[in-house]
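Student: This is coords_23.txt, which holds compact mmCIF, C-alpha atoms:
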```
# COMPACT_ATOMS: atom_id res chain seq x y z
CA MET X 1 -34.40 -9.91 -17.13
CA GLN X 2 -31.80 -7.70 -15.52
CA LEU X 3 -28.67 -9.29 -14.15
CA LYS X 4 -28.47 -8.30 -10.47
CA VAL X 5 -25.02 -7.31 -9.24
CA ILE X 6 -24.12 -6.43 -5.65
CA VAL X 7 -20.86 -4.72 -4.71
CA ILE X 8 -19.96 -4.89 -1.03
CA GLY X 9 -17.70 -2.00 -0.06
CA GLY X 10 -17.98 1.71 -0.88
CA GLY X 11 -14.31 2.50 -1.30
CA ALA X 12 -12.29 3.25 -4.43
CA ALA X 13 -12.40 -0.33 -5.74
CA GLY X 14 -16.09 -0.77 -4.98
CA PHE X 15 -17.12 2.41 -6.78
CA PHE X 16 -14.84 1.85 -9.74
CA SER X 17 -16.09 -1.70 -10.32
CA ALA X 18 -19.74 -0.71 -9.89
CA ILE X 19 -19.32 2.10 -12.44
CA ALA X 20 -17.47 -0.14 -14.92
CA CYS X 21 -20.17 -2.78 -14.70
CA ALA X 22 -23.11 -0.40 -14.99
CA GLU X 23 -21.61 1.66 -17.82
CA ASN X 24 -20.58 -1.30 -19.96
CA HIS X 25 -23.54 -3.58 -19.26
CA PRO X 26 -26.85 -1.66 -19.35
CA HIS X 27 -28.75 -4.88 -18.65
CA THR X 28 -27.29 -5.04 -15.13
CA GLN X 29 -28.84 -3.71 -11.94
CA VAL X 30 -25.88 -2.69 -9.79
CA THR X 31 -26.26 -2.05 -6.06
CA LEU X 32 -23.36 -0.86 -3.91
CA LEU X 33 -23.53 -1.55 -0.17
CA GLU X 34 -21.47 0.64 2.16
CA ALA X 35 -21.36 -0.17 5.88
CA GLY X 36 -20.70 3.39 7.03
CA ARG X 37 -22.62 6.62 6.81
CA GLN X 38 -20.49 7.89 3.93
CA PRO X 39 -18.59 6.12 1.16
CA LEU X 40 -15.02 6.78 -0.02
CA THR X 41 -13.73 7.86 3.40
CA LYS X 42 -10.25 6.48 2.72
CA VAL X 43 -10.08 8.37 -0.57
CA LEU X 44 -10.90 11.55 1.35
CA ILE X 45 -7.86 11.30 3.66
CA SER X 46 -5.43 9.79 1.15
CA GLY X 47 -2.37 11.74 0.07
CA GLY X 48 -2.80 14.18 2.93
CA GLY X 49 -6.27 15.07 1.62
CA ARG X 50 -5.04 15.49 -1.97
CA CYS X 51 -5.57 11.87 -3.17
CA ASN X 52 -2.54 10.31 -4.84
CA VAL X 53 -4.61 8.81 -7.67
CA THR X 54 -1.85 6.86 -9.42
CA HIS X 55 1.82 6.97 -10.41
CA ALA X 56 3.31 8.14 -13.71
CA CYS X 57 4.69 4.71 -14.55
CA PHE X 58 3.16 3.56 -17.83
CA ASP X 59 5.12 0.35 -18.45
CA PRO X 60 3.40 -2.69 -16.89
CA ALA X 61 6.74 -4.47 -16.46
CA ALA X 62 8.11 -1.52 -14.48
CA LEU X 63 4.85 -0.90 -12.65
CA VAL X 64 4.74 -4.37 -11.06
CA GLN X 65 8.14 -3.77 -9.45
CA ASN X 66 6.40 -1.56 -6.89
CA TYR X 67 4.33 -4.33 -5.33
CA PRO X 68 5.91 -6.35 -2.50
CA ARG X 69 2.98 -8.76 -2.83
CA GLY X 70 0.88 -9.26 -5.96
CA GLY X 71 3.24 -7.97 -8.64
CA LYS X 72 3.34 -11.26 -10.55
CA ALA X 73 -0.45 -11.58 -10.59
CA LEU X 74 -0.87 -7.97 -11.70
CA ARG X 75 1.52 -8.26 -14.67
CA GLY X 76 -1.17 -9.38 -17.10
CA ALA X 77 -3.84 -7.21 -15.48
CA PHE X 78 -1.77 -4.08 -16.08
CA THR X 79 -1.57 -4.85 -19.80
CA ARG X 80 -5.36 -4.44 -19.85
CA PHE X 81 -5.72 -1.46 -17.52
CA GLN X 82 -2.75 0.49 -16.18
CA SER X 83 -1.83 3.99 -15.02
CA GLN X 84 -2.38 5.65 -18.41
CA ASP X 85 -5.86 4.13 -18.55
CA THR X 86 -6.59 5.59 -15.12
CA VAL X 87 -5.47 9.04 -16.28
CA ASP X 88 -7.63 8.73 -19.40
CA TRP X 89 -10.64 7.51 -17.37
CA PHE X 90 -10.62 10.56 -15.11
CA THR X 91 -9.78 12.94 -17.97
CA ARG X 92 -12.87 11.80 -19.90
CA ARG X 93 -14.93 12.69 -16.85
CA GLY X 94 -13.48 16.16 -16.48
CA VAL X 95 -10.77 15.51 -13.89
CA GLN X 96 -7.27 16.60 -14.89
CA LEU X 97 -4.31 15.01 -13.11
CA LYS X 98 -0.83 16.46 -12.64
CA THR X 99 2.50 14.70 -12.14
CA GLU X 100 4.86 15.74 -9.37
CA ALA X 101 8.64 15.41 -9.45
CA ASP X 102 8.63 12.01 -7.75
CA GLY X 103 6.05 10.56 -10.18
CA ARG X 104 3.00 10.80 -7.94
CA MET X 105 -0.16 11.98 -9.69
CA PHE X 106 -2.82 14.16 -8.06
CA PRO X 107 -5.88 16.06 -9.28
CA ILE X 108 -4.85 19.57 -10.30
CA THR X 109 -7.18 20.87 -7.57
CA ASP X 110 -4.99 19.19 -4.91
CA ASN X 111 -8.26 18.14 -3.29
CA SER X 112 -9.46 14.56 -2.82
CA GLU X 113 -13.04 15.84 -2.93
CA THR X 114 -12.52 16.20 -6.70
CA ILE X 115 -12.04 12.43 -7.04
CA ILE X 116 -14.91 11.63 -4.69
CA GLU X 117 -17.32 13.89 -6.57
CA CYS X 118 -16.25 12.35 -9.88
CA LEU X 119 -16.84 8.79 -8.67
CA ILE X 120 -20.20 9.57 -7.08
CA HIS X 121 -21.39 11.48 -10.16
CA ALA X 122 -20.24 8.70 -12.52
CA ALA X 123 -21.98 6.08 -10.39
CA ALA X 124 -25.23 8.03 -10.32
CA LYS X 125 -25.09 8.68 -14.07
CA ALA X 126 -24.53 4.97 -14.73
CA GLY X 127 -27.52 4.05 -12.58
CA VAL X 128 -25.67 2.48 -9.66
CA LYS X 129 -27.83 2.27 -6.55
CA ILE X 130 -25.78 3.34 -3.53
CA ARG X 131 -26.89 2.26 -0.07
CA ASN X 132 -25.05 3.70 2.92
CA ASN X 133 -25.47 2.38 6.47
CA ALA X 134 -25.88 -1.10 5.02
CA PRO X 135 -23.37 -3.38 6.80
CA VAL X 136 -23.42 -7.00 5.64
CA ALA X 137 -23.80 -9.77 8.22
CA ALA X 138 -23.39 -12.83 6.00
CA VAL X 139 -23.40 -14.12 2.44
CA SER X 140 -24.87 -17.43 1.34
CA VAL X 141 -24.64 -19.21 -1.97
CA VAL X 142 -27.88 -20.54 -3.41
CA SER X 143 -27.43 -23.40 -5.87
CA GLY X 144 -28.37 -22.67 -9.45
CA LYS X 145 -30.54 -25.79 -9.33
CA ARG X 146 -33.01 -23.90 -7.17
CA GLU X 147 -33.96 -21.83 -10.22
CA GLN X 148 -34.96 -25.05 -11.95
CA GLY X 149 -37.36 -25.95 -9.16
CA ALA X 150 -35.11 -28.48 -7.45
CA GLY X 151 -35.26 -28.30 -3.67
CA SER X 152 -36.27 -25.73 -1.11
CA ARG X 153 -34.40 -22.56 -0.25
CA GLU X 154 -32.61 -24.28 2.63
CA GLN X 155 -31.68 -27.24 0.44
CA GLY X 156 -30.30 -24.95 -2.23
CA ARG X 157 -28.16 -22.82 0.08
CA THR X 158 -24.61 -23.80 0.91
CA HIS X 159 -22.82 -22.30 3.92
CA ASN X 160 -19.11 -22.28 4.79
CA LEU X 161 -18.03 -23.58 1.43
CA SER X 162 -14.71 -25.25 0.78
CA THR X 163 -13.07 -26.70 -2.28
CA THR X 164 -13.59 -30.21 -0.96
CA ASP X 165 -17.24 -30.22 0.10
CA TYR X 166 -18.87 -27.95 -2.50
CA GLN X 167 -19.70 -29.11 -6.01
CA LEU X 168 -20.68 -26.27 -8.34
CA PRO X 169 -23.62 -26.85 -10.67
CA THR X 170 -22.49 -27.34 -14.23
CA THR X 171 -25.55 -25.81 -15.89
CA ASN X 172 -25.49 -22.25 -14.58
CA HIS X 173 -24.11 -19.89 -11.97
CA PRO X 174 -25.20 -20.10 -8.36
CA LYS X 175 -26.97 -17.09 -6.92
CA PHE X 176 -26.08 -15.24 -3.75
CA GLU X 177 -28.12 -14.10 -0.78
CA VAL X 178 -26.66 -11.12 1.04
CA GLU X 179 -27.99 -10.72 4.57
CA LEU X 180 -27.65 -7.24 6.06
CA LYS X 181 -27.26 -6.68 9.79
CA SER X 182 -30.73 -5.16 9.72
CA GLY X 183 -32.09 -8.59 8.78
CA GLU X 184 -32.88 -7.68 5.19
CA VAL X 185 -31.87 -10.29 2.61
CA ILE X 186 -30.96 -9.29 -0.97
CA GLU X 187 -30.46 -11.79 -3.78
CA CYS X 188 -28.07 -11.27 -6.67
CA ASP X 189 -26.52 -13.06 -9.64
CA ARG X 190 -23.04 -11.61 -9.24
CA LEU X 191 -21.25 -10.53 -6.09
CA LEU X 192 -18.11 -8.43 -5.70
CA LEU X 193 -16.20 -8.13 -2.45
CA ALA X 194 -14.32 -4.82 -2.30
CA THR X 195 -14.15 -4.42 1.47
CA GLY X 196 -10.50 -3.35 1.75
CA SER X 197 -8.79 -4.51 4.91
CA ASN X 198 -12.05 -4.71 6.85
CA MET X 199 -12.18 -7.96 8.82
CA ALA X 200 -15.84 -8.44 7.86
CA GLY X 201 -14.79 -8.86 4.24
CA TYR X 202 -12.19 -11.47 5.16
CA ARG X 203 -14.81 -13.38 7.15
CA ILE X 204 -17.20 -13.42 4.21
CA ALA X 205 -14.49 -14.57 1.80
CA ARG X 206 -13.44 -17.30 4.21
CA SER X 207 -17.05 -18.44 4.64
CA LEU X 208 -17.20 -18.85 0.86
CA GLY X 209 -14.21 -21.19 0.88
CA HIS X 210 -11.33 -18.80 0.29
CA GLN X 211 -8.00 -18.87 2.08
CA ILE X 212 -6.97 -15.61 3.74
CA GLU X 213 -3.30 -14.76 4.05
CA PRO X 214 -3.01 -13.28 7.57
CA PRO X 215 -3.31 -9.48 7.36
CA VAL X 216 -0.51 -7.42 8.90
CA PRO X 217 0.32 -3.71 8.60
CA SER X 218 2.38 -2.33 5.72
CA LEU X 219 3.64 1.21 4.98
CA PHE X 220 4.60 2.46 8.43
CA THR X 221 7.37 4.47 10.06
CA PHE X 222 10.03 3.23 12.49
CA ASN X 223 10.13 4.10 16.17
CA VAL X 224 13.72 4.65 17.34
CA LEU X 225 14.27 5.29 21.06
CA ASP X 226 17.17 7.70 20.61
CA LYS X 227 16.46 11.03 22.29
CA SER X 228 19.32 12.81 20.51
CA LEU X 229 18.10 11.60 17.12
CA ARG X 230 14.54 12.72 17.85
CA GLU X 231 15.82 16.19 18.67
CA LEU X 232 16.73 16.42 14.97
CA ALA X 233 13.05 16.15 13.95
CA GLY X 234 12.54 17.82 10.58
CA VAL X 235 16.02 17.08 9.22
CA SER X 236 15.92 15.13 5.95
CA MET X 237 18.49 13.48 3.70
CA ASN X 238 18.18 12.31 0.10
CA PRO X 239 19.38 9.81 -0.74
CA VAL X 240 20.26 7.49 2.12
CA HIS X 241 20.72 3.73 1.94
CA LEU X 242 18.89 1.56 4.48
CA ARG X 243 19.48 -2.09 5.31
CA LEU X 244 17.09 -3.94 7.61
CA LEU X 245 18.35 -6.81 9.78
CA THR X 246 15.65 -9.13 11.14
CA ASP X 247 15.45 -12.80 12.03
CA SER X 248 14.36 -13.38 8.44
CA LYS X 249 16.98 -14.41 5.90
CA THR X 250 15.37 -12.10 3.34
CA LYS X 251 17.67 -9.31 2.18
CA LEU X 252 15.85 -6.02 2.70
CA GLU X 253 17.36 -2.77 1.43
CA GLN X 254 16.11 0.57 0.13
CA THR X 255 17.65 3.79 -1.13
CA GLY X 256 15.77 7.08 -1.09
CA ALA X 257 14.76 10.06 1.00
CA LEU X 258 14.68 9.83 4.79
CA LEU X 259 13.05 12.16 7.31
CA ILE X 260 13.91 12.30 11.01
CA THR X 261 10.80 12.70 13.18
CA HIS X 262 10.01 13.20 16.85
CA TRP X 263 9.43 9.44 17.14
CA GLY X 264 12.21 8.12 14.90
CA LEU X 265 12.52 7.71 11.15
CA SER X 266 10.12 8.23 8.25
CA GLY X 267 10.22 9.25 4.60
CA PRO X 268 9.86 7.31 1.34
CA ALA X 269 12.87 5.02 1.95
CA VAL X 270 11.51 3.93 5.34
CA LEU X 271 7.97 3.46 4.06
CA LYS X 272 9.16 1.33 1.14
CA LEU X 273 11.34 -0.73 3.45
CA SER X 274 8.39 -1.28 5.80
CA ALA X 275 6.29 -2.51 2.87
CA TRP X 276 8.86 -5.02 1.62
CA GLY X 277 9.62 -6.09 5.18
CA ALA X 278 6.02 -6.09 6.45
CA ARG X 279 5.87 -9.79 7.32
CA ALA X 280 9.44 -10.08 8.59
CA LEU X 281 8.94 -7.05 10.87
CA HIS X 282 5.63 -8.40 12.12
CA ASP X 283 7.23 -11.75 12.90
CA CYS X 284 9.97 -10.10 14.99
CA HIS X 285 7.41 -7.86 16.77
CA TYR X 286 8.89 -4.74 15.15
CA GLN X 287 12.20 -5.17 16.98
CA ALA X 288 15.05 -5.07 14.48
CA LYS X 289 18.34 -3.43 13.54
CA LEU X 290 18.55 -0.76 10.87
CA LEU X 291 21.82 0.16 9.18
CA VAL X 292 21.88 3.68 7.74
CA ASN X 293 24.36 4.98 5.18
CA TRP X 294 23.81 8.71 5.30
CA LEU X 295 25.90 9.33 2.15
CA PRO X 296 25.60 6.27 -0.12
CA GLU X 297 26.99 8.17 -3.09
CA LEU X 298 30.39 8.47 -1.36
CA ASP X 299 32.51 5.39 -0.64
CA ARG X 300 34.57 5.13 2.52
CA GLU X 301 37.83 6.14 0.87
CA THR X 302 36.25 9.28 -0.55
CA LEU X 303 34.88 10.14 2.90
CA ARG X 304 38.31 9.60 4.46
CA SER X 305 39.93 11.79 1.83
CA GLN X 306 37.45 14.63 2.46
CA ILE X 307 37.89 14.43 6.24
CA LEU X 308 41.69 14.40 6.01
CA SER X 309 41.58 17.37 3.65
CA VAL X 310 39.60 19.37 6.22
CA LYS X 311 41.98 18.29 8.98
CA THR X 312 44.92 19.57 6.97
CA ALA X 313 43.29 22.78 5.76
CA GLN X 314 41.51 23.80 8.99
CA PRO X 315 43.50 22.34 11.91
CA LYS X 316 42.46 25.04 14.40
CA LYS X 317 38.72 24.86 13.66
CA ALA X 318 36.38 23.10 16.12
CA ILE X 319 35.15 19.80 14.69
CA ALA X 320 31.56 20.52 15.69
CA SER X 321 31.41 23.90 13.97
CA TYR X 322 33.41 23.08 10.82
CA ARG X 323 32.00 20.05 9.03
CA GLY X 324 34.31 17.44 7.61
CA VAL X 325 31.63 16.55 5.02
CA ASN X 326 29.77 19.69 4.03
CA VAL X 327 26.84 17.91 2.33
CA LEU X 328 25.61 16.77 5.76
CA PRO X 329 23.20 19.18 7.49
CA HIS X 330 24.98 20.94 10.36
CA ARG X 331 22.71 19.53 13.08
CA LEU X 332 23.11 15.99 11.72
CA TRP X 333 26.91 16.42 11.57
CA GLN X 334 27.00 17.45 15.23
CA TYR X 335 24.86 14.44 16.16
CA ILE X 336 27.11 12.07 14.20
CA ILE X 337 30.36 13.25 15.80
CA VAL X 338 28.89 12.72 19.28
CA ARG X 339 27.87 9.17 18.26
CA ALA X 340 31.45 8.68 17.08
CA GLU X 341 32.61 9.63 20.60
CA ILE X 342 34.33 12.80 19.43
CA ALA X 343 34.23 15.78 21.75
CA PRO X 344 32.51 18.68 19.93
CA GLU X 345 35.03 21.20 21.26
CA ASP X 346 38.04 19.26 19.89
CA ARG X 347 40.02 20.85 17.06
CA TRP X 348 40.60 19.15 13.75
CA ALA X 349 44.33 18.94 14.48
CA GLU X 350 43.53 16.78 17.53
CA ILE X 351 41.40 14.11 15.83
CA SER X 352 43.01 10.64 15.85
CA ASN X 353 42.91 7.96 13.17
CA LYS X 354 40.67 5.81 15.40
CA GLU X 355 38.24 8.71 15.76
CA ILE X 356 38.24 9.18 11.99
CA ASP X 357 37.45 5.47 11.58
CA ARG X 358 34.52 5.76 14.01
CA LEU X 359 33.31 8.90 12.25
CA ILE X 360 33.34 7.17 8.85
CA GLN X 361 31.52 4.19 10.37
CA GLU X 362 28.77 6.44 11.75
CA ILE X 363 28.32 8.07 8.35
CA ALA X 364 28.52 4.93 6.21
CA GLN X 365 26.94 2.30 8.48
CA ALA X 366 25.24 3.74 11.55
CA GLU X 367 23.27 1.18 13.52
CA TYR X 368 19.86 1.95 15.03
CA LEU X 369 17.40 -0.21 16.94
CA ILE X 370 13.84 -0.24 15.66
CA GLN X 371 11.56 -0.61 18.67
CA GLY X 372 8.07 -0.47 17.27
CA LYS X 373 6.19 1.02 14.36
CA GLY X 374 4.54 4.38 13.94
CA ALA X 375 1.60 5.54 11.87
CA PHE X 376 1.85 6.92 8.35
CA LYS X 377 -0.36 9.98 8.76
CA GLU X 378 -3.97 8.77 8.67
CA GLU X 379 -3.38 6.34 5.86
CA PHE X 380 -2.92 2.62 6.22
CA VAL X 381 -2.20 -0.31 3.96
CA THR X 382 -2.50 -3.97 4.84
CA CYS X 383 -0.36 -6.84 3.66
CA GLY X 384 -2.46 -10.02 3.36
CA GLY X 385 -5.91 -10.96 2.14
CA VAL X 386 -7.51 -13.40 -0.28
CA ASN X 387 -5.01 -15.91 -1.66
CA LEU X 388 -4.22 -14.81 -5.23
CA LYS X 389 -4.04 -18.37 -6.58
CA GLU X 390 -7.78 -18.63 -5.96
CA VAL X 391 -8.60 -15.68 -8.26
CA ASP X 392 -8.59 -15.48 -12.06
CA PHE X 393 -6.79 -12.21 -12.81
CA LYS X 394 -8.28 -11.96 -16.29
CA THR X 395 -11.71 -11.37 -14.79
CA MET X 396 -11.08 -11.12 -11.00
CA GLN X 397 -13.55 -13.97 -10.58
CA SER X 398 -13.15 -16.57 -7.86
CA ARG X 399 -11.74 -19.88 -9.07
CA LEU X 400 -13.84 -21.57 -6.36
CA VAL X 401 -17.24 -19.92 -6.66
CA PRO X 402 -18.46 -18.71 -10.10
CA GLY X 403 -20.16 -15.34 -9.90
CA LEU X 404 -18.00 -14.19 -6.97
CA TYR X 405 -15.45 -11.44 -7.70
CA PHE X 406 -12.78 -9.53 -5.79
CA ALA X 407 -11.17 -6.11 -6.19
CA GLY X 408 -8.85 -3.88 -4.22
CA GLU X 409 -7.16 -4.40 -0.91
CA ILE X 410 -9.18 -7.44 0.15
CA LEU X 411 -6.74 -9.30 -2.12
CA ASP X 412 -3.23 -10.18 -0.95
CA ILE X 413 -1.82 -7.25 -2.91
CA ASP X 414 -0.06 -4.19 -1.57
CA GLY X 415 2.16 -1.57 -3.13
CA VAL X 416 4.73 0.89 -1.89
CA THR X 417 3.83 4.52 -1.31
CA GLY X 418 3.29 6.73 -4.35
CA GLY X 419 -0.15 5.92 -5.80
CA PHE X 420 0.50 2.23 -6.45
CA ASN X 421 -2.16 0.93 -4.06
CA PHE X 422 -4.82 3.04 -5.73
CA GLN X 423 -3.65 1.81 -9.13
CA SER X 424 -4.07 -1.86 -8.17
CA ALA X 425 -7.56 -0.96 -6.89
CA TRP X 426 -8.53 0.77 -10.16
CA THR X 427 -7.14 -2.10 -12.26
CA THR X 428 -8.71 -5.00 -10.38
CA ALA X 429 -12.00 -3.11 -10.07
CA TRP X 430 -12.14 -2.29 -13.78
CA LEU X 431 -11.48 -5.90 -14.76
CA ALA X 432 -14.11 -7.15 -12.33
CA GLY X 433 -16.64 -4.58 -13.55
CA GLN X 434 -16.12 -5.58 -17.17
CA ALA X 435 -16.53 -9.27 -16.38
CA MET X 436 -19.47 -9.16 -13.97
CA GLY X 437 -21.94 -8.08 -16.61
CA SER X 438 -21.32 -11.13 -18.74
CA GLU X 439 -24.24 -13.56 -18.82
CA GLU X 440 -22.04 -16.53 -19.66
```
Show me, as structure tokens, the structure contained in the file I just sent.
Tutor:
Amino acid sequence: MQLKVIVIGGGAAGFFSAIACAENHPHTQVTLLEAGRQPLTKVLISGGGRCNVTHACFDPAALVQNYPRGGKALRGAFTRFQSQDTVDWFTRRGVQLKTEADGRMFPITDNSETIIECLIHAAAKAGVKIRNNAPVAAVSVVSGKREQGAGSREQGRTHNLSTTDYQLPTTNHPKFEVELKSGEVIECDRLLLATGSNMAGYRIARSLGHQIEPPVPSLFTFNVLDKSLRELAGVSMNPVHLRLLTDSKTKLEQTGALLITHWGLSGPAVLKLSAWGARALHDCHYQAKLLVNWLPELDRETLRSQILSVKTAQPKKAIASYRGVNVLPHRLWQYIIVRAEIAPEDRWAEISNKEIDRLIQEIAQAEYLIQGKGAFKEEFVTCGGVNLKEVDFKTMQSRLVPGLYFAGEILDIDGVTGGFNFQSAWTTAWLAGQAMGSEE
């Protein structure tokens, strides 16, 4: 008899786990249920339509450092399937990846359709049955005892399970009944939830006894209500050092590239800071102070020395037109001197020591008020999900309900920008796919 496996969720994790299960366990009958009209929609828009498949970090110990939540749980998982395995997986199926200067890896076509076509083709070749427009309404667990003729269907089914009121049969796995919104009911032996940050997935997991860490946004930009700053939209600096001050006692800092936008601040440093500070920022309603060091590679004394040198060498030059620190973009320099309350038309000979102090302060520790969050293109990542202590990361199987598995963003795992979220999806999905076909 075929082992029946149902995967709920037609995203990256759902497809990858379904393929892994079907390819490695020919005795399984794998069905993938996607609620929407088309699967892999998030893959399509990821990486600006190029799909940032993974990151060129091939050391599991280093890789886990890029996960604000879930890094500890992923440490062992990455020893079994990590970035190099992802590269090899796609290479074997005809998809070549390239590495960009910052470590991000994309298909050489620079087109996410390449990844989508690969996944759909691999699923079809492996015999995975894909059903679109198949939203799930509920999942029930049917006791394994029912298979032995004990009790009726209603007696065998357990709803709203918890660790205190549900005793698993010791002889064999329970089965699952998946009820679609259409009213159709499908039974299976193994069930994988790979529903991403969709609230329906969280509801199903909770109904099966799992604790859900409250989901909140991660990877977002900062709104800064400073009209003069916004007028610098398009100006970038790399590196800058950012320090976030919230009500939380957690120390939050990042160094990296920053981009000024028409709504505030973006760029890798901001996105990483938003990921590490996702919960703290949510708790303070995205109202916080941000300290910016525009030139972290120069200490204050070096800055003072450079400014005094310019004052001595070019006393008759206007401060606004002749930069005291030439590595700063001209428009940013003009903005900074105004913030330091220096008149742009003043000459270098006229600048006072107090003005120099204010100028250094605005370069080394400028203070901005974050007043809300912006979107990161069309992509989104959620912090929160299924409590990781309730999942066995060797197999991705539930520790509460045998036969139930998890993969991808439904778990309380999230990474910084750069391909790390896809990598955790590939890894958890691969492990789940390998394990689901086992008849033990």
Student: Residues of stretch 344-427 of chain X within 12 Å of stretch 271-274 of chain X: nearest atom pair and distance (Å, one decimal) for each, counting only C-alpha atoms, sorted by chain and number, as a tab-separated table?
Tutor:
```
residue	atom	partner	partner_atom	distance
X:Ile370	CA	X:Ser274	CA	11.3
X:Gly372	CA	X:Ser274	CA	11.5
X:Lys373	CA	X:Ser274	CA	9.1
X:Gly374	CA	X:Leu271	CA	10.5
X:Ala375	CA	X:Leu271	CA	10.3
X:Phe376	CA	X:Leu271	CA	8.2
X:Lys377	CA	X:Leu271	CA	11.6
X:Glu379	CA	X:Leu271	CA	11.8
X:Phe380	CA	X:Leu271	CA	11.1
X:Val381	CA	X:Ser274	CA	10.8
X:Thr382	CA	X:Ser274	CA	11.3
X:Cys383	CA	X:Ser274	CA	10.6
X:Asp414	CA	X:Lys272	CA	11.1
X:Gly415	CA	X:Lys272	CA	8.7
X:Val416	CA	X:Lys272	CA	5.4
X:Thr417	CA	X:Lys272	CA	6.7
X:Gly418	CA	X:Lys272	CA	9.7
X:Phe420	CA	X:Lys272	CA	11.6
```
Student: Name all residues at most 6 Å from stretch 243-253 of chain X (count all atoms listed in the file; drop same-chain ones fewer than 6 positions away) and give them as a count of residues only.
Tutor: 5
Student: How many Å separate atom CA of X:Phe15 from atom CA of X:Asn133?
Tutor: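 Taking atom CA of X:Phe15 as the start and atom CA of X:Asn133 as the end point, the length is 15.7 Å.
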Student: Residues at most 12 Å from X:Leu308, counting all atoms listed in the file, excluding those fewer than 2 positions away in the same chain, as a PyMOL selection string?
Tutor: chain X and resi 301-306+310-315+323-325+348-353+355-357+359-360
Student: Suppose you want the space between atom CA of X:Lys181 and atom CA of X:Ala137; what is it in Å?
Tutor: 4.9 Å
Student: When you draw a straight line from atom CA of X:Arg93 to atom CA of X:Gly49, how long is it in Å?
Tutor: 20.5 Å
